[in-house]
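target.pdb (PDB, C-alpha atoms) appears below.
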```pdb
ATOM      1  CA  MET A   1     -13.742 -26.780 -14.418
ATOM      2  CA  SER A   2     -15.060 -23.342 -15.413
ATOM      3  CA  ASN A   3     -15.041 -22.268 -11.742
ATOM      4  CA  PHE A   4     -11.433 -23.409 -11.389
ATOM      5  CA  ILE A   5     -10.442 -21.423 -14.485
ATOM      6  CA  TYR A   6     -12.228 -18.370 -13.103
ATOM      7  CA  ALA A   7     -10.578 -18.784  -9.701
ATOM      8  CA  LEU A   8      -7.193 -18.967 -11.432
ATOM      9  CA  ASN A   9      -8.003 -15.878 -13.506
ATOM     10  CA  ALA A  10      -9.029 -14.030 -10.327
ATOM     11  CA  THR A  11      -6.085 -14.973  -8.112
ATOM     12  CA  ILE A  12      -3.028 -15.673 -10.285
ATOM     13  CA  PRO A  13      -2.903 -12.130 -11.751
ATOM     14  CA  VAL A  14      -2.934 -10.811  -8.166
ATOM     15  CA  PHE A  15       0.050 -12.997  -7.320
ATOM     16  CA  LEU A  16       1.846 -11.969 -10.522
ATOM     17  CA  VAL A  17       1.512  -8.266  -9.667
ATOM     18  CA  ILE A  18       3.050  -9.030  -6.261
ATOM     19  CA  LEU A  19       5.860 -10.872  -8.057
ATOM     20  CA  LEU A  20       6.363  -7.907 -10.392
ATOM     21  CA  GLY A  21       6.684  -5.622  -7.375
ATOM     22  CA  GLY A  22       9.572  -7.746  -6.148
ATOM     23  CA  LEU A  23      11.210  -7.772  -9.583
ATOM     24  CA  PHE A  24      10.800  -4.014 -10.019
ATOM     25  CA  ARG A  25      12.519  -3.500  -6.659
ATOM     26  CA  LYS A  26      15.338  -5.857  -7.659
ATOM     27  CA  TRP A  27      15.772  -4.010 -10.968
ATOM     28  CA  ASN A  28      15.784  -0.644  -9.130
ATOM     29  CA  LEU A  29      12.670   0.550 -10.973
ATOM     30  CA  ILE A  30      11.075   1.230  -7.599
ATOM     31  CA  ASN A  31      12.640   1.722  -4.179
ATOM     32  CA  GLU A  32      11.766   1.746  -0.504
ATOM     33  CA  GLU A  33      10.553   5.341  -0.705
ATOM     34  CA  PHE A  34       8.096   4.351  -3.447
ATOM     35  CA  THR A  35       6.654   1.556  -1.298
ATOM     36  CA  LYS A  36       6.172   3.939   1.636
ATOM     37  CA  ILE A  37       4.385   6.490  -0.544
ATOM     38  CA  ALA A  38       2.309   3.791  -2.298
ATOM     39  CA  ASN A  39       1.215   2.314   1.049
ATOM     40  CA  LYS A  40       0.220   5.747   2.318
ATOM     41  CA  LEU A  41      -1.652   6.638  -0.888
ATOM     42  CA  VAL A  42      -3.605   3.364  -0.933
ATOM     43  CA  PHE A  43      -4.470   3.532   2.766
ATOM     44  CA  GLN A  44      -5.447   7.201   2.903
ATOM     45  CA  VAL A  45      -6.949   7.785  -0.559
ATOM     46  CA  CYS A  46      -7.385   4.962  -3.086
ATOM     47  CA  LEU A  47      -8.975   2.256  -0.938
ATOM     48  CA  PRO A  48     -11.288   4.661   0.927
ATOM     49  CA  VAL A  49     -12.517   6.004  -2.431
ATOM     50  CA  LEU A  50     -13.035   2.430  -3.713
ATOM     51  CA  LEU A  51     -15.073   1.422  -0.662
ATOM     52  CA  PHE A  52     -17.070   4.663  -0.684
ATOM     53  CA  GLN A  53     -17.908   4.142  -4.360
ATOM     54  CA  ASP A  54     -18.896   0.475  -3.895
ATOM     55  CA  ILE A  55     -21.148   1.206  -0.930
ATOM     56  CA  ALA A  56     -22.612   4.519  -2.168
ATOM     57  CA  GLY A  57     -23.506   2.871  -5.491
ATOM     58  CA  SER A  58     -25.275  -0.120  -3.929
ATOM     59  CA  ASN A  59     -29.001  -0.464  -3.282
ATOM     60  CA  ILE A  60     -28.842  -1.335   0.408
ATOM     61  CA  ARG A  61     -32.372  -0.170   1.222
ATOM     62  CA  GLU A  62     -34.057  -2.591  -1.197
ATOM     63  CA  ASP A  63     -31.667  -5.491  -0.534
ATOM     64  CA  PHE A  64     -31.513  -5.119   3.258
ATOM     65  CA  ASP A  65     -31.954  -8.415   5.116
ATOM     66  CA  ILE A  66     -31.513  -8.238   8.881
ATOM     67  CA  ARG A  67     -30.803 -11.990   9.210
ATOM     68  CA  PHE A  68     -28.089 -11.877   6.567
ATOM     69  CA  SER A  69     -26.530  -8.722   7.996
ATOM     70  CA  LEU A  70     -26.525 -10.074  11.557
ATOM     71  CA  TYR A  71     -25.018 -13.364  10.367
ATOM     72  CA  CYS A  72     -22.123 -11.510   8.700
ATOM     73  CA  MET A  73     -21.512  -9.291  11.723
ATOM     74  CA  ILE A  74     -21.730 -12.053  14.334
ATOM     75  CA  VAL A  75     -19.557 -14.507  12.392
ATOM     76  CA  THR A  76     -16.926 -11.824  11.723
ATOM     77  CA  THR A  77     -16.877 -11.035  15.448
ATOM     78  CA  LEU A  78     -16.615 -14.700  16.463
ATOM     79  CA  CYS A  79     -13.772 -15.292  13.994
ATOM     80  CA  PHE A  80     -11.849 -12.264  15.226
ATOM     81  CA  PHE A  81     -12.048 -12.932  18.958
ATOM     82  CA  GLY A  82     -11.656 -16.698  18.515
ATOM     83  CA  ILE A  83      -8.473 -16.273  16.467
ATOM     84  CA  TRP A  84      -7.102 -13.608  18.829
ATOM     85  CA  GLY A  85      -7.631 -15.882  21.836
ATOM     86  CA  PHE A  86      -6.023 -18.787  19.981
ATOM     87  CA  ALA A  87      -3.021 -16.617  19.015
ATOM     88  CA  GLU A  88      -2.470 -15.457  22.585
ATOM     89  CA  LEU A  89      -2.315 -19.100  23.684
ATOM     90  CA  ILE A  90       0.062 -20.486  21.056
ATOM     91  CA  PHE A  91       2.505 -17.641  20.296
ATOM     92  CA  LYS A  92       5.255 -16.802  22.774
ATOM     93  CA  ASP A  93       6.373 -13.943  20.531
ATOM     94  CA  LYS A  94       3.549 -11.456  21.090
ATOM     95  CA  THR A  95       4.788  -9.115  18.318
ATOM     96  CA  VAL A  96       3.386 -11.471  15.643
ATOM     97  CA  ILE A  97      -0.127 -11.590  17.091
ATOM     98  CA  GLY A  98      -1.530  -8.414  15.508
ATOM     99  CA  SER A  99      -0.510  -9.387  11.972
ATOM    100  CA  PHE A 100      -1.473 -13.036  12.512
ATOM    101  CA  VAL A 101      -4.991 -12.222  13.723
ATOM    102  CA  GLN A 102      -5.637  -9.667  10.996
ATOM    103  CA  GLY A 103      -4.317 -11.953   8.259
ATOM    104  CA  SER A 104      -6.339 -14.918   9.519
ATOM    105  CA  PHE A 105      -9.788 -13.311   9.651
ATOM    106  CA  ARG A 106      -9.798 -10.391   7.180
ATOM    107  CA  SER A 107     -10.957 -11.190   3.626
ATOM    108  CA  SER A 108     -10.473  -9.417   0.316
ATOM    109  CA  VAL A 109     -14.196  -8.778  -0.050
ATOM    110  CA  ALA A 110     -14.006  -5.225  -1.414
ATOM    111  CA  ILE A 111     -11.645  -5.975  -4.287
ATOM    112  CA  LEU A 112     -12.384  -9.637  -5.061
ATOM    113  CA  GLY A 113     -15.897 -10.172  -3.686
ATOM    114  CA  LEU A 114     -18.049  -8.160  -6.093
ATOM    115  CA  ALA A 115     -16.180  -9.417  -9.159
ATOM    116  CA  PHE A 116     -16.314 -13.052  -8.087
ATOM    117  CA  VAL A 117     -20.055 -13.118  -7.327
ATOM    118  CA  LYS A 118     -20.879 -11.222 -10.535
ATOM    119  CA  ASN A 119     -18.942 -13.784 -12.571
ATOM    120  CA  VAL A 120     -21.003 -16.686 -11.223
ATOM    121  CA  TYR A 121     -24.356 -14.851 -11.232
ATOM    122  CA  SER A 122     -25.795 -12.073 -13.366
ATOM    123  CA  ASP A 123     -25.820  -9.611 -10.452
ATOM    124  CA  VAL A 124     -23.927  -9.092  -7.210
ATOM    125  CA  GLY A 125     -26.949  -9.912  -5.051
ATOM    126  CA  MET A 126     -26.295  -9.480  -1.335
ATOM    127  CA  THR A 127     -22.574  -8.749  -1.683
ATOM    128  CA  PRO A 128     -22.897  -4.960  -1.083
ATOM    129  CA  LEU A 129     -24.843  -5.688   2.127
ATOM    130  CA  MET A 130     -22.093  -8.129   3.144
ATOM    131  CA  LEU A 131     -19.540  -5.361   2.539
ATOM    132  CA  VAL A 132     -21.460  -2.926   4.743
ATOM    133  CA  SER A 133     -21.916  -5.572   7.445
ATOM    134  CA  CYS A 134     -18.368  -6.892   7.736
ATOM    135  CA  VAL A 135     -15.864  -4.417   6.228
ATOM    136  CA  PRO A 136     -16.328  -1.789   9.009
ATOM    137  CA  LEU A 137     -15.801  -4.576  11.554
ATOM    138  CA  TYR A 138     -12.721  -5.837   9.685
ATOM    139  CA  ASN A 139     -11.178  -2.407  10.029
ATOM    140  CA  ILE A 140     -12.314  -1.662  13.584
ATOM    141  CA  TYR A 141     -11.164  -5.043  14.902
ATOM    142  CA  SER A 142      -7.888  -4.830  12.958
ATOM    143  CA  VAL A 143      -7.150  -1.401  14.433
ATOM    144  CA  ILE A 144      -7.834  -2.775  17.930
ATOM    145  CA  VAL A 145      -5.528  -5.805  17.703
ATOM    146  CA  LEU A 146      -2.811  -3.917  15.820
ATOM    147  CA  THR A 147      -2.890  -1.147  18.457
ATOM    148  CA  PHE A 148      -2.723  -3.540  21.397
ATOM    149  CA  ARG A 149       0.044  -5.632  19.820
ATOM    150  CA  SER A 150       2.043  -2.846  18.166
ATOM    151  CA  SER A 151       5.817  -3.045  18.624
ATOM    152  CA  GLU A 152       5.843   0.719  19.152
ATOM    153  CA  LYS A 153       3.902   1.732  22.242
ATOM    154  CA  ILE A 154       3.415   5.365  23.274
ATOM    155  CA  GLU A 155       4.646   5.679  26.837
ATOM    156  CA  GLY A 156       1.887   6.557  29.271
ATOM    157  CA  ALA A 157      -0.866   6.194  26.641
ATOM    158  CA  SER A 158      -3.819   3.897  27.283
ATOM    159  CA  PRO A 159      -4.133   1.202  24.571
ATOM    160  CA  ILE A 160      -7.927   1.571  24.700
ATOM    161  CA  LYS A 161      -7.782   5.348  24.111
ATOM    162  CA  THR A 162      -5.163   4.871  21.395
ATOM    163  CA  ALA A 163      -7.321   2.239  19.661
ATOM    164  CA  ALA A 164     -10.375   4.518  19.840
ATOM    165  CA  LYS A 165      -8.426   7.389  18.278
ATOM    166  CA  ASN A 166      -7.062   5.101  15.551
ATOM    167  CA  ILE A 167     -10.575   3.866  14.744
ATOM    168  CA  LEU A 168     -11.991   7.392  14.489
ATOM    169  CA  ARG A 169      -9.081   8.508  12.307
ATOM    170  CA  ASN A 170      -9.043   5.435  10.061
ATOM    171  CA  PRO A 171      -9.796   6.694   6.507
ATOM    172  CA  ILE A 172     -11.268   3.344   5.434
ATOM    173  CA  ILE A 173     -13.786   3.328   8.281
ATOM    174  CA  ILE A 174     -14.659   6.981   7.614
ATOM    175  CA  ALA A 175     -15.231   6.257   3.898
ATOM    176  CA  ILE A 176     -17.535   3.316   4.651
ATOM    177  CA  PHE A 177     -19.763   5.304   6.987
ATOM    178  CA  LEU A 178     -19.804   8.260   4.593
ATOM    179  CA  GLY A 179     -20.984   5.940   1.815
ATOM    180  CA  ILE A 180     -23.961   4.496   3.725
ATOM    181  CA  PRO A 181     -26.215   7.632   3.571
ATOM    182  CA  PHE A 182     -25.597   7.923  -0.188
ATOM    183  CA  ALA A 183     -26.677   4.291  -0.587
ATOM    184  CA  LEU A 184     -29.753   4.676   1.637
ATOM    185  CA  PHE A 185     -31.018   7.766  -0.200
ATOM    186  CA  ASP A 186     -29.953   6.483  -3.638
ATOM    187  CA  VAL A 187     -27.893   9.597  -4.443
ATOM    188  CA  GLU A 188     -26.539   9.701  -7.991
ATOM    189  CA  PHE A 189     -23.243  11.456  -8.656
ATOM    190  CA  PRO A 190     -22.541  13.460 -11.814
ATOM    191  CA  GLN A 191     -20.627  11.449 -14.392
ATOM    192  CA  ILE A 192     -17.545  13.623 -13.980
ATOM    193  CA  VAL A 193     -17.411  12.742 -10.253
ATOM    194  CA  THR A 194     -18.025   9.040 -10.902
ATOM    195  CA  LYS A 195     -15.248   8.844 -13.488
ATOM    196  CA  THR A 196     -12.818  10.699 -11.238
ATOM    197  CA  MET A 197     -13.540   8.367  -8.311
ATOM    198  CA  GLY A 198     -13.206   5.386 -10.646
ATOM    199  CA  SER A 199      -9.783   6.545 -11.822
ATOM    200  CA  ILE A 200      -8.564   6.893  -8.233
ATOM    201  CA  SER A 201     -10.128   3.686  -6.892
ATOM    202  CA  CYS A 202      -8.709   1.519  -9.677
ATOM    203  CA  LEU A 203      -5.220   2.319  -8.355
ATOM    204  CA  ALA A 204      -5.920   0.695  -4.971
ATOM    205  CA  SER A 205      -5.287  -2.940  -5.835
ATOM    206  CA  PRO A 206      -2.240  -2.689  -8.162
ATOM    207  CA  LEU A 207      -0.436  -0.150  -5.953
ATOM    208  CA  ALA A 208      -1.021  -2.203  -2.809
ATOM    209  CA  LEU A 209       0.148  -5.407  -4.495
ATOM    210  CA  LEU A 210       3.264  -3.778  -5.974
ATOM    211  CA  ALA A 211       4.123  -2.447  -2.521
ATOM    212  CA  ILE A 212       3.750  -5.926  -1.002
ATOM    213  CA  GLY A 213       6.059  -7.407  -3.631
ATOM    214  CA  ALA A 214       8.595  -4.605  -3.317
ATOM    215  CA  GLY A 215       8.676  -4.882   0.468
ATOM    216  CA  PHE A 216       8.595  -8.685   0.640
ATOM    217  CA  GLU A 217      11.697 -10.193   2.235
ATOM    218  CA  GLY A 218      11.967 -13.898   1.437
ATOM    219  CA  LYS A 219      14.563 -14.791   4.079
ATOM    220  CA  LYS A 220      12.526 -13.168   6.831
ATOM    221  CA  ALA A 221       9.322 -14.721   5.478
ATOM    222  CA  ILE A 222      10.762 -18.257   5.767
ATOM    223  CA  LYS A 223      11.256 -17.645   9.496
ATOM    224  CA  LYS A 224       7.537 -16.805   9.679
ATOM    225  CA  LEU A 225       6.482 -19.985   7.835
ATOM    226  CA  LYS A 226       4.677 -21.616  10.774
ATOM    227  CA  PRO A 227       2.348 -18.685  11.623
ATOM    228  CA  THR A 228       1.870 -18.068   7.885
ATOM    229  CA  LEU A 229       0.631 -21.617   7.270
ATOM    230  CA  ILE A 230      -1.553 -21.668  10.388
ATOM    231  CA  GLY A 231      -3.087 -18.292   9.524
ATOM    232  CA  SER A 232      -3.650 -19.248   5.880
ATOM    233  CA  SER A 233      -5.342 -22.511   6.913
ATOM    234  CA  MET A 234      -7.656 -20.623   9.249
ATOM    235  CA  LYS A 235      -8.494 -18.120   6.520
ATOM    236  CA  LEU A 236      -9.184 -20.517   3.651
ATOM    237  CA  ILE A 237     -10.302 -23.764   5.294
ATOM    238  CA  ILE A 238     -11.243 -23.603   8.965
ATOM    239  CA  GLN A 239     -13.546 -20.559   8.873
ATOM    240  CA  PRO A 240     -15.623 -21.833   5.901
ATOM    241  CA  LEU A 241     -15.690 -25.307   7.448
ATOM    242  CA  LEU A 242     -17.117 -23.945  10.703
ATOM    243  CA  PHE A 243     -19.544 -21.305   9.464
ATOM    244  CA  LEU A 244     -20.774 -22.323   5.985
ATOM    245  CA  PRO A 245     -22.905 -25.159   7.491
ATOM    246  CA  VAL A 246     -24.482 -22.579   9.825
ATOM    247  CA  ALA A 247     -25.349 -20.392   6.832
ATOM    248  CA  VAL A 248     -26.904 -23.369   5.036
ATOM    249  CA  LEU A 249     -28.971 -24.289   8.104
ATOM    250  CA  MET A 250     -30.190 -20.679   8.264
ATOM    251  CA  GLY A 251     -31.509 -21.048   4.715
ATOM    252  CA  PHE A 252     -29.023 -18.911   2.773
ATOM    253  CA  ARG A 253     -28.644 -19.974  -0.864
ATOM    254  CA  ASN A 254     -27.233 -18.831  -4.234
ATOM    255  CA  GLN A 255     -25.928 -15.214  -4.192
ATOM    256  CA  GLU A 256     -26.331 -14.992  -0.416
ATOM    257  CA  LEU A 257     -24.283 -18.135   0.146
ATOM    258  CA  MET A 258     -21.695 -17.083  -2.446
ATOM    259  CA  ALA A 259     -21.263 -13.725  -0.677
ATOM    260  CA  ILE A 260     -20.798 -15.585   2.622
ATOM    261  CA  LEU A 261     -18.230 -17.905   1.021
ATOM    262  CA  ILE A 262     -16.270 -14.860  -0.188
ATOM    263  CA  MET A 263     -16.454 -13.356   3.312
ATOM    264  CA  LEU A 264     -15.168 -16.537   4.941
ATOM    265  CA  GLY A 265     -12.843 -18.124   2.398
ATOM    266  CA  SER A 266     -11.367 -15.513   0.059
ATOM    267  CA  PRO A 267      -7.669 -14.584   0.350
ATOM    268  CA  THR A 268      -6.471 -12.042   2.881
ATOM    269  CA  THR A 269      -6.793  -8.469   1.667
ATOM    270  CA  SER A 270      -3.624  -6.632   0.680
ATOM    271  CA  THR A 271      -4.764  -3.796   2.961
ATOM    272  CA  SER A 272      -3.756  -5.940   5.936
ATOM    273  CA  PHE A 273      -0.103  -5.540   4.944
ATOM    274  CA  ILE A 274      -0.459  -1.770   4.643
ATOM    275  CA  MET A 275      -2.195  -1.416   8.018
ATOM    276  CA  ALA A 276       0.323  -3.700   9.733
ATOM    277  CA  LYS A 277       3.201  -1.650   8.356
ATOM    278  CA  GLN A 278       1.599   1.697   9.197
ATOM    279  CA  MET A 279       0.808   0.587  12.761
ATOM    280  CA  LYS A 280       4.240  -0.902  13.520
ATOM    281  CA  ASN A 281       3.279  -4.575  13.457
ATOM    282  CA  ASP A 282       4.887  -7.544  11.682
ATOM    283  CA  ALA A 283       4.657  -6.498   8.007
ATOM    284  CA  THR A 284       6.671  -9.557   6.877
ATOM    285  CA  LEU A 285       4.111 -11.959   8.334
ATOM    286  CA  SER A 286       1.243  -9.914   6.859
ATOM    287  CA  ALA A 287       2.801 -10.030   3.394
ATOM    288  CA  SER A 288       3.458 -13.766   3.700
ATOM    289  CA  ILE A 289      -0.177 -14.517   4.573
ATOM    290  CA  VAL A 290      -1.412 -12.358   1.673
ATOM    291  CA  VAL A 291       0.898 -14.171  -0.785
ATOM    292  CA  VAL A 292       0.064 -17.698   0.415
ATOM    293  CA  THR A 293      -3.712 -17.182   0.680
ATOM    294  CA  THR A 294      -3.789 -15.545  -2.752
ATOM    295  CA  LEU A 295      -2.018 -18.512  -4.366
ATOM    296  CA  VAL A 296      -3.862 -21.288  -2.533
ATOM    297  CA  SER A 297      -7.337 -19.712  -2.744
ATOM    298  CA  ALA A 298      -7.558 -20.563  -6.450
ATOM    299  CA  VAL A 299      -7.812 -24.205  -5.352
ATOM    300  CA  THR A 300      -9.722 -23.845  -2.081
ATOM    301  CA  LEU A 301     -12.400 -21.464  -3.422
ATOM    302  CA  THR A 302     -12.963 -23.766  -6.391
ATOM    303  CA  LEU A 303     -13.342 -26.763  -4.068
ATOM    304  CA  TRP A 304     -15.836 -24.932  -1.868
ATOM    305  CA  ILE A 305     -17.871 -23.910  -4.928
ATOM    306  CA  TYR A 306     -17.736 -27.488  -6.249
ATOM    307  CA  VAL A 307     -19.025 -28.880  -2.933
ATOM    308  CA  LEU A 308     -21.802 -26.279  -2.597
ATOM    309  CA  LYS A 309     -22.902 -26.761  -6.214
ATOM    310  CA  GLY A 310     -22.833 -30.537  -5.746
ATOM    311  CA  LEU A 311     -25.250 -30.077  -2.848
ATOM    312  CA  SER A 312     -27.465 -27.811  -5.040
ATOM    313  CA  LEU A 313     -26.888 -24.848  -2.719
ATOM    314  CA  LEU A 314     -25.490 -22.499  -5.384
TER
END
```
If you convert what's in this file into structure tokens, what do you get?
Amino acid sequence: MSNFIYALNATIPVFLVILLGGLFRKWNLINEEFTKIANKLVFQVCLPVLLFQDIAGSNIREDFDIRFSLYCMIVTTLCFFGIWGFAELIFKDKTVIGSFVQGSFRSSVAILGLAFVKNVYSDVGMTPLMLVSCVPLYNIYSVIVLTFRSSEKIEGASPIKTAAKNILRNPIIIAIFLGIPFALFDVEFPQIVTKTMGSISCLASPLALLAIGAGFEGKKAIKKLKPTLIGSSMKLIIQPLLFLPVAVLMGFRNQELMAILIMLGSPTTSTSFIMAKQMKNDATLSASIVVVTTLVSAVTLTLWIYVLKGLSLL
């Protein structure tokens, strides 16, 4: 029961902020221009600072485990290409594929992961290593599929070259790789720098969620109900069902297994909506998957924890 209460406390406030974004837009407290600026600020500044701070402040060198890191990277890759192949087969409307794939495989590990693991255990364990292993791939793979399936193609431009440029220019990817040397050499920042970064990074989640709520269009979202439900099921149920047993067979337990559960079964990150919108993909579908996975994950995450604890794996 305590895990269910925690899951509710972790996910329902996220949904409520999204709801507030919609209400603020309806009450004319915020407008379309605000959502555009908020999306840009989160994508280019707040989230990169958050990820840099999380990774730079972790102790990767002491906690490094090649088996764990390879598991996270390989499973993330399998999920991405498996879902992309599946989407190409079932969707006649190719404009939904980029948002569908990103929403189905990309977890909210940076914002939710550390807090969730720390609540269950006294420390975050292998979660920072999981972040370093899968978050760069989340962003690289998302840029690739969103570039190839963008509704706005640059005439005469090669999709491969465009994807490569988008990857190299992606501020989230840049921030992650900048943070790794600081983590490896255990660099400590002056308090004034740490507090400044903290003030900026804490804006990432609420601004992104308000923008989702403000930009959410219910009538359009209903038309996207089928891909939303399929994508949400893949995110919260199918991926954990397929890959958690593999993690158990490989001997991962406790914090390691909890970090893997967060990677596989946590709700879709709000960043997926921002990237879909910025890269001219289906922002309505992205927002719908974020909303549904956020609501339903309170139940599914609790059930996964209950099962794993019942088997004495956590």
Running the PyMOL selection byres ((chain A and resi 237-251) around 9) on this model by hand, what would come out? Give it as a ChimeraX atom specification. /A:67-68,71,75,79,105,232-236,252-253,257,260-261,263-265,300,304,313
Gap from CA of Ser133 (chain A) to CA of Met73 (chain A) - Å, one decimal: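 Distance between the two atoms: 5.7 Å.
For the atom pair formed by CA of Gly103 (chain A) and CA of Leu8 (chain A), the distance is 21.1 Å, given to one decimal.
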Counting only C-alpha atoms, write as a VMD selection string all protein and nucleic acid residues lying at most 6 Å from (-4.5, -7.6, 9.1) in the file's frame. chain A and resid 99 102 to 103 142 272
Kindly resolve the PyMOL selection byres ((chain A and resi 202-219) around 7) on the present coordinates and return the residues as a CSV table (one decimal) with C-alpha atoms, keeping the file's coordinate frame.
```csv
chain,number,residue,atom,x,y,z
A,17,VAL,CA,1.5,-8.3,-9.7
A,18,ILE,CA,3.0,-9.0,-6.3
A,19,LEU,CA,5.9,-10.9,-8.1
A,20,LEU,CA,6.4,-7.9,-10.4
A,21,GLY,CA,6.7,-5.6,-7.4
A,22,GLY,CA,9.6,-7.7,-6.1
A,25,ARG,CA,12.5,-3.5,-6.7
A,35,THR,CA,6.7,1.6,-1.3
A,38,ALA,CA,2.3,3.8,-2.3
A,39,ASN,CA,1.2,2.3,1.0
A,42,VAL,CA,-3.6,3.4,-0.9
A,46,CYS,CA,-7.4,5.0,-3.1
A,47,LEU,CA,-9.0,2.3,-0.9
A,198,GLY,CA,-13.2,5.4,-10.6
A,199,SER,CA,-9.8,6.5,-11.8
A,200,ILE,CA,-8.6,6.9,-8.2
A,201,SER,CA,-10.1,3.7,-6.9
A,220,LYS,CA,12.5,-13.2,6.8
A,221,ALA,CA,9.3,-14.7,5.5
A,222,ILE,CA,10.8,-18.3,5.8
A,223,LYS,CA,11.3,-17.6,9.5
A,270,SER,CA,-3.6,-6.6,0.7
A,284,THR,CA,6.7,-9.6,6.9
A,287,ALA,CA,2.8,-10.0,3.4
```
Rounded to one decimal, what separation in Å do you get between CA of Ile192 (chain A) and CA of Pro48 (chain A)?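 That distance, rounded to one decimal, is 18.5 Å.
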Could you model N, CA and C atoms for region 19-39 of chain A and present them as a CSV table (one decimal), in the frame of the given file?
```csv
chain,number,residue,atom,x,y,z
A,19,LEU,N,4.6,-10.4,-7.5
A,19,LEU,CA,5.9,-10.9,-8.1
A,19,LEU,C,6.6,-9.8,-8.8
A,20,LEU,N,5.8,-9.0,-9.6
A,20,LEU,CA,6.4,-7.9,-10.4
A,20,LEU,C,6.9,-6.8,-9.5
A,21,GLY,N,6.2,-6.6,-8.4
A,21,GLY,CA,6.7,-5.6,-7.4
A,21,GLY,C,8.1,-6.0,-6.9
A,22,GLY,N,8.3,-7.3,-6.6
A,22,GLY,CA,9.6,-7.7,-6.1
A,22,GLY,C,10.6,-7.6,-7.2
A,23,LEU,N,10.3,-7.9,-8.5
A,23,LEU,CA,11.2,-7.8,-9.6
A,23,LEU,C,11.6,-6.3,-9.9
A,24,PHE,N,10.6,-5.4,-9.8
A,24,PHE,CA,10.8,-4.0,-10.0
A,24,PHE,C,11.8,-3.5,-9.0
A,25,ARG,N,11.6,-3.9,-7.7
A,25,ARG,CA,12.5,-3.5,-6.7
A,25,ARG,C,13.9,-4.0,-6.9
A,26,LYS,N,14.0,-5.3,-7.4
A,26,LYS,CA,15.3,-5.9,-7.7
A,26,LYS,C,16.0,-5.1,-8.8
A,27,TRP,N,15.2,-4.7,-9.8
A,27,TRP,CA,15.8,-4.0,-11.0
A,27,TRP,C,15.9,-2.5,-10.7
A,28,ASN,N,15.7,-2.1,-9.5
A,28,ASN,CA,15.8,-0.6,-9.1
A,28,ASN,C,14.8,0.3,-9.9
A,29,LEU,N,13.7,-0.3,-10.4
A,29,LEU,CA,12.7,0.6,-11.0
A,29,LEU,C,11.8,1.3,-9.9
A,30,ILE,N,11.7,0.6,-8.7
A,30,ILE,CA,11.1,1.2,-7.6
A,30,ILE,C,12.0,1.0,-6.4
A,31,ASN,N,11.8,1.8,-5.4
A,31,ASN,CA,12.6,1.7,-4.2
A,31,ASN,C,11.8,1.8,-2.9
A,32,GLU,N,12.5,1.8,-1.8
A,32,GLU,CA,11.8,1.7,-0.5
A,32,GLU,C,10.9,3.0,-0.3
A,33,GLU,N,11.3,4.1,-0.8
A,33,GLU,CA,10.6,5.3,-0.7
A,33,GLU,C,9.2,5.2,-1.5
A,34,PHE,N,9.3,4.6,-2.7
A,34,PHE,CA,8.1,4.4,-3.4
A,34,PHE,C,7.1,3.5,-2.7
A,35,THR,N,7.6,2.4,-2.0
A,35,THR,CA,6.7,1.6,-1.3
A,35,THR,C,6.0,2.3,-0.1
A,36,LYS,N,6.7,3.2,0.5
A,36,LYS,CA,6.2,3.9,1.6
A,36,LYS,C,5.1,4.9,1.1
A,37,ILE,N,5.4,5.6,0.0
A,37,ILE,CA,4.4,6.5,-0.5
A,37,ILE,C,3.2,5.7,-1.1
A,38,ALA,N,3.4,4.6,-1.8
A,38,ALA,CA,2.3,3.8,-2.3
A,38,ALA,C,1.4,3.3,-1.2
A,39,ASN,N,2.0,2.8,-0.1
A,39,ASN,CA,1.2,2.3,1.0
A,39,ASN,C,0.4,3.4,1.6
```
